[in-house]
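Dropping target_11.cif in here (mmCIF, C-alpha atoms):
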```cif
data_entry
loop_
_atom_site.label_atom_id
_atom_site.label_comp_id
_atom_site.auth_asym_id
_atom_site.auth_seq_id
_atom_site.Cartn_x
_atom_site.Cartn_y
_atom_site.Cartn_z
CA MET O 1028 8.18 32.78 10.04
CA VAL O 1029 7.34 29.29 11.30
CA GLU O 1030 8.02 26.63 8.70
CA ALA O 1031 5.00 24.56 7.72
CA ASP O 1032 4.95 21.02 9.10
CA PHE O 1033 4.19 18.60 6.27
CA GLY O 1034 5.29 15.51 8.14
CA LEU O 1035 7.43 12.97 6.30
CA PHE O 1036 6.96 14.32 2.80
CA GLY O 1037 5.35 17.48 1.43
CA PRO O 1038 3.79 19.17 -1.61
CA ASP O 1039 6.93 18.83 -3.73
CA SER O 1040 7.44 15.11 -2.99
CA VAL O 1041 6.82 12.30 -5.43
CA THR O 1042 4.90 10.57 -2.64
CA TRP O 1043 2.22 13.26 -2.49
CA ARG O 1044 1.94 13.32 -6.28
CA VAL O 1045 1.31 9.56 -6.30
CA HIS O 1046 -0.87 9.21 -3.23
CA THR O 1047 -3.30 12.01 -4.07
CA ASP O 1048 -4.33 10.25 -7.28
CA PRO O 1049 -7.65 8.37 -6.86
CA VAL O 1050 -6.49 5.38 -8.94
CA LEU O 1051 -4.35 4.33 -5.95
CA ALA O 1052 -7.51 2.62 -4.64
CA VAL O 1053 -6.56 -0.31 -6.89
CA ALA O 1054 -3.17 -0.56 -5.18
CA GLY O 1055 -4.73 -1.70 -1.90
CA PHE O 1056 -5.81 -4.99 -3.49
CA PHE O 1057 -2.46 -5.31 -5.28
CA ALA O 1058 -0.57 -4.89 -2.00
CA LEU O 1059 -2.77 -7.41 -0.22
CA ALA O 1060 -2.15 -9.97 -2.97
CA VAL O 1061 1.64 -9.55 -2.79
CA GLN O 1062 1.83 -9.42 1.02
CA SER O 1063 -0.23 -12.62 1.30
CA LEU O 1064 2.47 -14.62 -0.51
CA HIS O 1065 4.91 -14.47 2.43
CA PRO O 1066 3.85 -17.32 4.72
CA PRO O 1067 5.01 -15.88 8.08
CA THR O 1068 3.31 -12.57 7.31
CA MET O 1069 0.18 -14.43 6.26
CA TRP O 1070 0.13 -16.69 9.31
CA GLY O 1071 0.74 -13.83 11.72
CA THR O 1072 -2.04 -11.77 10.16
CA TYR O 1073 -4.48 -14.65 9.85
CA GLN O 1074 -4.02 -15.66 13.47
CA ASN O 1075 -4.28 -12.17 14.95
CA SER O 1076 -6.12 -9.72 12.73
CA SER O 1077 -9.79 -8.83 12.34
CA LEU O 1078 -8.92 -8.66 8.65
CA PHE O 1079 -10.00 -12.32 8.57
CA ASP O 1080 -13.24 -11.82 10.47
CA ARG O 1081 -15.90 -11.55 7.77
CA GLU O 1082 -17.96 -9.04 9.74
CA GLN O 1083 -14.96 -6.84 10.56
CA ALA O 1084 -12.76 -7.24 7.48
CA PHE O 1085 -13.95 -4.14 5.64
CA ALA O 1086 -13.60 -1.91 8.69
CA ARG O 1087 -10.09 -3.28 9.22
CA LEU O 1088 -9.12 -2.49 5.63
CA MET O 1089 -10.45 1.05 6.06
CA ARG O 1090 -8.40 1.52 9.25
CA THR O 1091 -5.30 0.51 7.33
CA GLY O 1092 -6.18 3.12 4.71
CA ASP O 1093 -6.59 5.71 7.46
CA PHE O 1094 -3.14 4.88 8.84
CA VAL O 1095 -1.56 5.24 5.39
CA ALA O 1096 -3.29 8.61 4.95
CA VAL O 1097 -1.99 9.90 8.28
CA ARG O 1098 1.51 8.54 7.64
CA THR O 1099 1.59 10.11 4.18
CA PHE O 1100 -0.06 13.47 4.75
CA GLY O 1101 -0.10 14.05 8.51
CA SER O 1102 2.01 16.41 10.59
CA THR O 1103 5.12 15.16 12.33
CA ALA O 1104 3.22 14.77 15.62
CA GLU O 1105 0.34 12.93 13.94
CA VAL O 1106 2.72 10.54 12.18
CA GLU O 1107 4.66 9.86 15.38
CA ARG O 1108 1.44 9.21 17.31
CA ALA O 1109 0.10 6.81 14.65
CA GLY O 1110 3.45 5.03 14.47
CA ARG O 1111 3.65 4.53 18.23
CA ARG O 1112 0.20 3.01 18.27
CA VAL O 1113 0.96 0.57 15.43
CA ARG O 1114 4.32 -0.44 16.88
CA LYS O 1115 2.74 -1.06 20.29
CA ILE O 1116 0.06 -3.29 18.78
CA HIS O 1117 2.56 -5.27 16.68
CA ALA O 1118 5.00 -5.71 19.59
CA ARG O 1119 2.58 -7.83 21.59
CA LEU O 1120 1.46 -10.10 18.74
CA ARG O 1121 2.84 -13.57 18.11
CA GLY O 1122 2.37 -15.90 15.18
CA HIS O 1123 2.52 -19.68 14.98
CA ASN O 1124 4.16 -21.57 12.14
CA PRO O 1125 1.79 -24.51 11.51
CA LEU O 1126 4.51 -26.49 9.74
CA THR O 1127 7.16 -26.38 12.47
CA GLY O 1128 5.23 -25.36 15.57
CA GLU O 1129 7.58 -22.40 15.98
CA GLU O 1130 6.28 -19.19 17.56
CA PHE O 1131 7.50 -15.90 16.11
CA ARG O 1132 7.02 -12.19 16.64
CA VAL O 1133 4.73 -10.52 14.15
CA ASP O 1134 7.00 -7.46 14.18
CA GLU O 1135 10.15 -9.33 13.18
CA PRO O 1136 12.05 -7.15 10.68
CA GLU O 1137 11.63 -9.70 7.87
CA ASN O 1138 7.85 -9.55 8.20
CA LEU O 1139 7.70 -5.76 8.48
CA ARG O 1140 10.06 -5.38 5.52
CA TRP O 1141 7.94 -7.70 3.38
CA VAL O 1142 4.77 -5.77 4.16
CA HIS O 1143 6.53 -2.48 3.41
CA CYS O 1144 7.95 -3.66 0.09
CA GLY O 1145 4.65 -5.24 -0.95
CA GLU O 1146 2.93 -1.93 -0.29
CA ILE O 1147 5.52 0.16 -2.14
CA VAL O 1148 5.64 -2.02 -5.26
CA ALA O 1149 1.84 -1.88 -5.38
CA TYR O 1150 1.63 1.91 -5.23
CA LEU O 1151 4.48 2.39 -7.70
CA ARG O 1152 3.36 -0.22 -10.24
CA VAL O 1153 -0.26 1.00 -10.24
CA ALA O 1154 0.89 4.62 -10.59
CA GLN O 1155 3.16 3.80 -13.53
CA ARG O 1156 0.67 1.59 -15.35
CA ALA O 1157 -2.17 4.06 -14.75
CA GLY O 1158 -0.29 6.85 -16.50
CA ILE O 1159 0.64 9.07 -13.56
CA PRO O 1160 3.57 11.03 -15.02
CA LEU O 1161 6.69 9.55 -13.43
CA THR O 1162 10.21 9.47 -14.82
CA ASP O 1163 12.64 6.73 -13.84
CA ALA O 1164 14.23 9.25 -11.46
CA ASP O 1165 10.80 9.95 -9.96
CA ALA O 1166 10.26 6.23 -9.39
CA ASP O 1167 13.60 5.92 -7.61
CA ALA O 1168 12.82 9.02 -5.55
CA TYR O 1169 9.47 7.52 -4.53
CA VAL O 1170 11.06 4.29 -3.30
CA ASP O 1171 13.70 6.29 -1.43
CA GLU O 1172 11.12 8.60 0.17
CA GLN O 1173 9.21 5.58 1.42
CA ARG O 1174 12.16 4.57 3.60
CA ALA O 1175 10.86 7.24 5.96
CA ALA O 1176 7.50 5.43 5.99
CA ALA O 1177 9.31 2.18 6.85
CA ALA O 1178 10.80 3.85 9.92
CA VAL O 1179 7.28 4.66 11.19
CA VAL O 1180 6.51 0.95 11.71
CA GLY O 1181 9.87 0.26 13.36
CA LEU O 1182 12.22 -0.65 10.51
CA ASP O 1183 15.74 0.67 10.14
CA PRO O 1184 15.49 2.71 6.89
CA ALA O 1185 18.94 1.51 5.88
CA THR O 1186 17.60 -2.06 5.63
CA VAL O 1187 14.83 -1.37 3.10
CA PRO O 1188 15.21 -0.76 -0.64
CA GLY O 1189 16.00 2.80 -1.66
CA SER O 1190 15.60 2.52 -5.44
CA VAL O 1191 13.59 0.55 -8.00
CA ALA O 1192 16.60 -1.65 -8.72
CA GLU O 1193 17.01 -2.44 -5.02
CA LEU O 1194 13.28 -3.16 -4.73
CA ASP O 1195 13.41 -5.56 -7.70
CA ALA O 1196 16.50 -7.28 -6.26
CA TYR O 1197 14.75 -7.69 -2.92
CA PHE O 1198 11.86 -9.60 -4.51
CA VAL O 1199 14.27 -11.82 -6.43
CA ARG O 1200 15.99 -12.72 -3.14
CA MET O 1201 12.68 -13.42 -1.42
CA LEU O 1202 11.12 -15.53 -4.17
CA PRO O 1203 12.35 -18.93 -2.86
CA ARG O 1204 10.62 -18.19 0.47
CA LEU O 1205 7.20 -17.43 -1.00
CA TRP O 1206 4.17 -19.61 -1.62
CA LEU O 1207 0.39 -19.46 -1.55
CA THR O 1208 -0.82 -20.78 1.81
CA ASP O 1209 -4.23 -22.20 2.63
CA GLU O 1210 -4.78 -19.16 4.86
CA ALA O 1211 -4.25 -16.83 1.90
CA LYS O 1212 -6.73 -18.78 -0.22
CA ALA O 1213 -9.33 -18.66 2.57
CA GLY O 1214 -8.72 -14.96 3.04
CA PHE O 1215 -9.33 -14.05 -0.58
CA ARG O 1216 -12.51 -16.13 -0.72
CA MET O 1217 -13.79 -14.28 2.34
CA TRP O 1218 -12.70 -10.81 1.20
CA ALA O 1219 -14.52 -11.27 -2.10
CA ASN O 1220 -17.83 -11.34 -0.26
CA ALA O 1221 -17.21 -9.35 2.92
CA PRO O 1222 -20.15 -7.11 3.93
CA VAL O 1223 -19.74 -3.34 3.73
CA PRO O 1224 -21.61 -0.55 5.56
CA LEU O 1225 -24.83 0.57 3.90
CA TRP O 1226 -23.40 3.99 3.10
CA LEU O 1227 -20.66 2.29 1.09
CA ALA O 1228 -22.89 -0.29 -0.61
CA PRO O 1229 -21.89 0.87 -4.13
CA LEU O 1230 -18.40 -0.40 -3.38
CA LYS O 1231 -19.74 -3.95 -3.55
CA VAL O 1232 -20.08 -3.31 -7.28
CA VAL O 1233 -16.70 -1.72 -7.97
CA TYR O 1234 -14.45 -3.60 -5.55
CA PRO O 1235 -14.51 -6.90 -7.49
CA THR O 1236 -13.42 -4.90 -10.54
CA PHE O 1237 -10.60 -3.29 -8.57
CA ALA O 1238 -9.50 -6.69 -7.27
CA ALA O 1239 -9.54 -8.34 -10.71
CA LEU O 1240 -7.58 -5.44 -12.18
CA ALA O 1241 -5.06 -5.59 -9.33
CA PHE O 1242 -4.39 -9.27 -10.00
CA ALA O 1243 -3.90 -8.56 -13.71
CA LEU O 1244 -1.31 -5.92 -12.81
CA LEU O 1245 0.76 -8.15 -10.51
CA PRO O 1246 4.38 -8.91 -11.43
CA GLY O 1247 4.78 -12.16 -13.34
CA TRP O 1248 6.41 -13.95 -10.40
CA ALA O 1249 3.42 -13.12 -8.17
CA ARG O 1250 0.87 -14.18 -10.78
CA ALA O 1251 2.72 -17.47 -11.16
CA LEU O 1252 2.38 -18.18 -7.43
CA TYR O 1253 -1.37 -17.65 -7.78
CA GLY O 1254 -1.48 -20.12 -10.68
CA MET O 1255 -2.02 -17.39 -13.27
CA PRO O 1256 -0.12 -16.68 -16.53
CA CYS O 1257 3.26 -15.23 -15.60
CA TRP O 1258 4.14 -13.26 -18.71
CA GLU O 1259 5.35 -9.69 -18.47
CA ASN O 1260 5.03 -8.31 -21.96
CA PRO O 1261 3.76 -4.83 -22.85
CA LEU O 1262 1.61 -6.18 -25.67
CA LEU O 1263 0.01 -8.94 -23.61
CA ASP O 1264 -0.40 -6.61 -20.61
CA ALA O 1265 -1.93 -3.86 -22.76
CA PRO O 1266 -5.61 -4.68 -21.96
CA ALA O 1267 -5.03 -4.37 -18.20
CA THR O 1268 -3.06 -1.16 -18.68
CA ALA O 1269 -5.81 0.30 -20.87
CA ALA O 1270 -8.49 -0.65 -18.36
CA LEU O 1271 -6.52 0.92 -15.51
CA ARG O 1272 -5.98 4.14 -17.46
CA ALA O 1273 -9.66 4.34 -18.37
CA LEU O 1274 -10.55 3.83 -14.70
CA ARG O 1275 -8.18 6.63 -13.71
CA MET O 1276 -9.71 9.01 -16.24
CA ALA O 1277 -13.19 8.23 -14.94
CA MET O 1278 -12.08 8.74 -11.32
CA LEU O 1279 -10.35 12.03 -12.13
CA ALA O 1280 -13.53 13.22 -13.85
CA THR O 1281 -15.49 12.50 -10.68
CA PRO O 1282 -15.75 15.45 -8.23
CA GLU O 1283 -13.24 15.03 -5.41
CA ARG O 1284 -15.94 14.77 -2.74
CA PHE O 1285 -17.40 11.69 -4.47
CA ARG O 1286 -14.18 9.72 -4.99
CA GLY O 1287 -14.61 7.44 -2.01
CA GLY O 1288 -12.49 6.68 1.01
CA THR O 1289 -13.24 7.26 4.66
CA PRO O 1290 -13.77 10.77 6.07
CA ILE O 1291 -10.23 10.64 7.49
CA GLN O 1292 -8.72 9.71 4.13
CA ARG O 1293 -10.69 12.36 2.27
CA ARG O 1294 -9.74 15.07 4.76
CA TYR O 1295 -6.02 14.39 4.44
CA VAL O 1296 -6.07 14.02 0.66
CA TYR O 1297 -8.09 17.20 0.15
CA ARG O 1298 -5.69 19.15 2.36
CA ALA O 1299 -2.71 17.75 0.44
CA LEU O 1300 -4.27 18.60 -2.92
CA GLU O 1301 -4.91 22.17 -1.80
CA LEU O 1302 -1.33 22.53 -0.56
CA MET O 1303 0.00 21.13 -3.83
CA ARG O 1304 -2.01 23.73 -5.73
CA THR O 1305 -0.75 26.62 -3.63
CA GLN O 1306 2.70 25.60 -2.33
CA ARG O 1307 5.65 26.28 -4.59
CA PRO O 1308 8.29 23.54 -4.73
CA GLY O 1309 11.07 24.27 -2.29
CA ASP O 1310 8.88 26.33 0.08
CA GLY O 1311 9.47 23.86 2.91
CA GLY O 1312 8.21 20.54 4.11
CA GLY O 1313 9.61 17.18 4.87
CA GLY O 1314 10.91 14.52 2.60
CA GLY O 1315 13.04 11.41 2.53
CA LEU O 1316 15.03 10.09 5.44
CA ALA O 1317 15.72 13.49 6.96
CA ALA O 1318 12.12 13.58 8.13
CA ALA O 1319 12.12 10.08 9.60
#
```
As a first step, turn the structure in this file into structure tokens.
Amino acid sequence: MVEADFGLFGPDSVTWRVHTDPVLAVAGFFALAVQSLHPPTMWGTYQNSSLFDREQAFARLMRTGDFVAVRTFGSTAEVERAGRRVRKIHARLRGHNPLTGEEFRVDEPENLRWVHCGEIVAYLRVAQRAGIPLTDADADAYVDEQRAAAAVVGLDPATVPGSVAELDAYFVRMLPRLWLTDEAKAGFRMWANAPVPLWLAPLKVVYPTFAALAFALLPGWARALYGMPCWENPLLDAPATAALRALRMAMLATPERFRGGTPIQRRYVYRALELMRTQRPGDGGGGGLAAA
């Protein structure tokens, strides 16, 4: 019998359990807020990406979501094809440091690693605060599984964090190199009012809520860089946690076909959900670095 091809992960992975939950929509804004605090990443994106073109920003965000869906739920061939395309685009892009005049490659490992870690901490922190059942071992497994995702964009998996402790230590090391640039400020002002297609007009109502909630969920060090209160205390953070959990309950109560996302994202998530309902753990599939 031919073994099913689940790509990098599979129905029994922590990654699929996290990424099929609709509350992960909040994590996109969280990731963007963290990633924007690394100046070279911000400059390279600002100078090259349609993400900062007001008329194209929303479509660009949706394409990023499509890539994540393919990388997470696609077959091995689909993941490899998407990865080649992204690596080819990044390889030809250059950024300019406005402070030193230096030119740099957008796909330098430091920049790719920062984007990867900003994405992973966003997904994990939103999942944990939203009440997705995850043990400490599950959280470590999720970070480790995502090393395979890092390889898709061209990183050596051995150079990215493989546990929550390693992820936390990475951000501590990076903190002296982070600040809020003028480009990041301009980007967030623009994103707050970017036009959306008519068929997604309701998102204009909910996206500001998602964005505000994402900022409230940021780690204290990130909030401090945005000039916000930097406490990390369960009692003081309780209102944001309660709001996120209420949002998750509302989203889970919504029929799957109405939960949002592009047609590509919905197709991959629905397929994954069906496989998770029918596939017994251990029946096959990818997972972790062995699939990278």
Best match for closeness to O:Ala1118 among O:Arg1152, O:Gln1083, O:Gly1181, O:Thr1186, counting only C-alpha atoms: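 Closest to O:Ala1118, using only C-alpha atoms: O:Gly1181.
Ranking O:Glu1283, O:Glu1259, O:Asp1032, O:Asp1183 by their shortest atom-to-atom distance to O:Glu1137, with only C-alpha atoms included, puts O:Asp1183 first.
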Shortest contact to O:His1143, candidates O:Ala1084, O:Ala1178, O:Ile1291, O:Met1303, atoms counted all atoms listed in the file, goes to O:Ala1178
Calculate how many Å separate atom CA of O:Glu1210 from atom CA of O:Leu1151, rounding to one decimal.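 Value for the atom CA of O:Glu1210-atom CA of O:Leu1151 distance: 26.6 Å.
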Which residues would end up in the selection if the PyMOL selection byres ((chain O and resi 1060-1069) around 6) were applied here, given that I need the answer as an NGL selection string? :O and (1057-1059 or 1070-1073 or 1138 or 1142 or 1145 or 1205-1207 or 1211)
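Each of O:Ala1109, O:Val1097, O:Leu1078, O:Ala1086 was checked against O:Arg1294 using only C-alpha atoms; the smallest atom-to-atom distance is that of O:Val1097.
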For a quick check of understanding, using all atoms listed in the file, which of O:Val1199, O:Leu1194, O:Val1233, O:Val1153 has the smallest distance to O:Ala1054? O:Val1153
Within 9 Å of O:Gly1158 using all atoms listed in the file, minus same-chain residues under 6 positions, as number ranges by chain: O: 1268, 1271-1272, 1275
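Our summary of the geometry notes that atom CA of O:Asp1171 is positioned 5.8 Å from atom CA of O:Ser1190.
On the file presented, the PyMOL selection byres ((chain O and resi 1134) around 10) picks out Thr1068, Gly1071, Arg1114, Lys1115, Ile1116, His1117, Ala1118, Arg1119, Leu1120, Arg1121, Gly1122, Phe1131, Arg1132, Val1133, Glu1135, Pro1136, Glu1137, Asn1138, Leu1139, Arg1140, Val1180, Gly1181 and Leu1182 of chain O.
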Take the residues from that selection and write them out as a PDB file, in the coordinates of the input, keeping C-alpha atoms.
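Wrote out_29.pdb, looks like this:
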```
ATOM      1  CA  THR O1068       3.310 -12.570   7.310  1.00  0.00           C
ATOM      2  CA  GLY O1071       0.740 -13.830  11.720  1.00  0.00           C
ATOM      3  CA  ARG O1114       4.320  -0.440  16.880  1.00  0.00           C
ATOM      4  CA  LYS O1115       2.740  -1.060  20.290  1.00  0.00           C
ATOM      5  CA  ILE O1116       0.060  -3.290  18.780  1.00  0.00           C
ATOM      6  CA  HIS O1117       2.560  -5.270  16.680  1.00  0.00           C
ATOM      7  CA  ALA O1118       5.000  -5.710  19.590  1.00  0.00           C
ATOM      8  CA  ARG O1119       2.580  -7.830  21.590  1.00  0.00           C
ATOM      9  CA  LEU O1120       1.460 -10.100  18.740  1.00  0.00           C
ATOM     10  CA  ARG O1121       2.840 -13.570  18.110  1.00  0.00           C
ATOM     11  CA  GLY O1122       2.370 -15.900  15.180  1.00  0.00           C
ATOM     12  CA  PHE O1131       7.500 -15.900  16.110  1.00  0.00           C
ATOM     13  CA  ARG O1132       7.020 -12.190  16.640  1.00  0.00           C
ATOM     14  CA  VAL O1133       4.730 -10.520  14.150  1.00  0.00           C
ATOM     15  CA  GLU O1135      10.150  -9.330  13.180  1.00  0.00           C
ATOM     16  CA  PRO O1136      12.050  -7.150  10.680  1.00  0.00           C
ATOM     17  CA  GLU O1137      11.630  -9.700   7.870  1.00  0.00           C
ATOM     18  CA  ASN O1138       7.850  -9.550   8.200  1.00  0.00           C
ATOM     19  CA  LEU O1139       7.700  -5.760   8.480  1.00  0.00           C
ATOM     20  CA  ARG O1140      10.060  -5.380   5.520  1.00  0.00           C
ATOM     21  CA  VAL O1180       6.510   0.950  11.710  1.00  0.00           C
ATOM     22  CA  GLY O1181       9.870   0.260  13.360  1.00  0.00           C
ATOM     23  CA  LEU O1182      12.220  -0.650  10.510  1.00  0.00           C
TER      24      LEU O1182
END
```
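You can rank O:Trp1218, O:Asn1124, O:Val1050, O:Met1255 by their closest distance to O:Pro1235 using all atoms listed in the file, and at the top of that list sits O:Trp1218.
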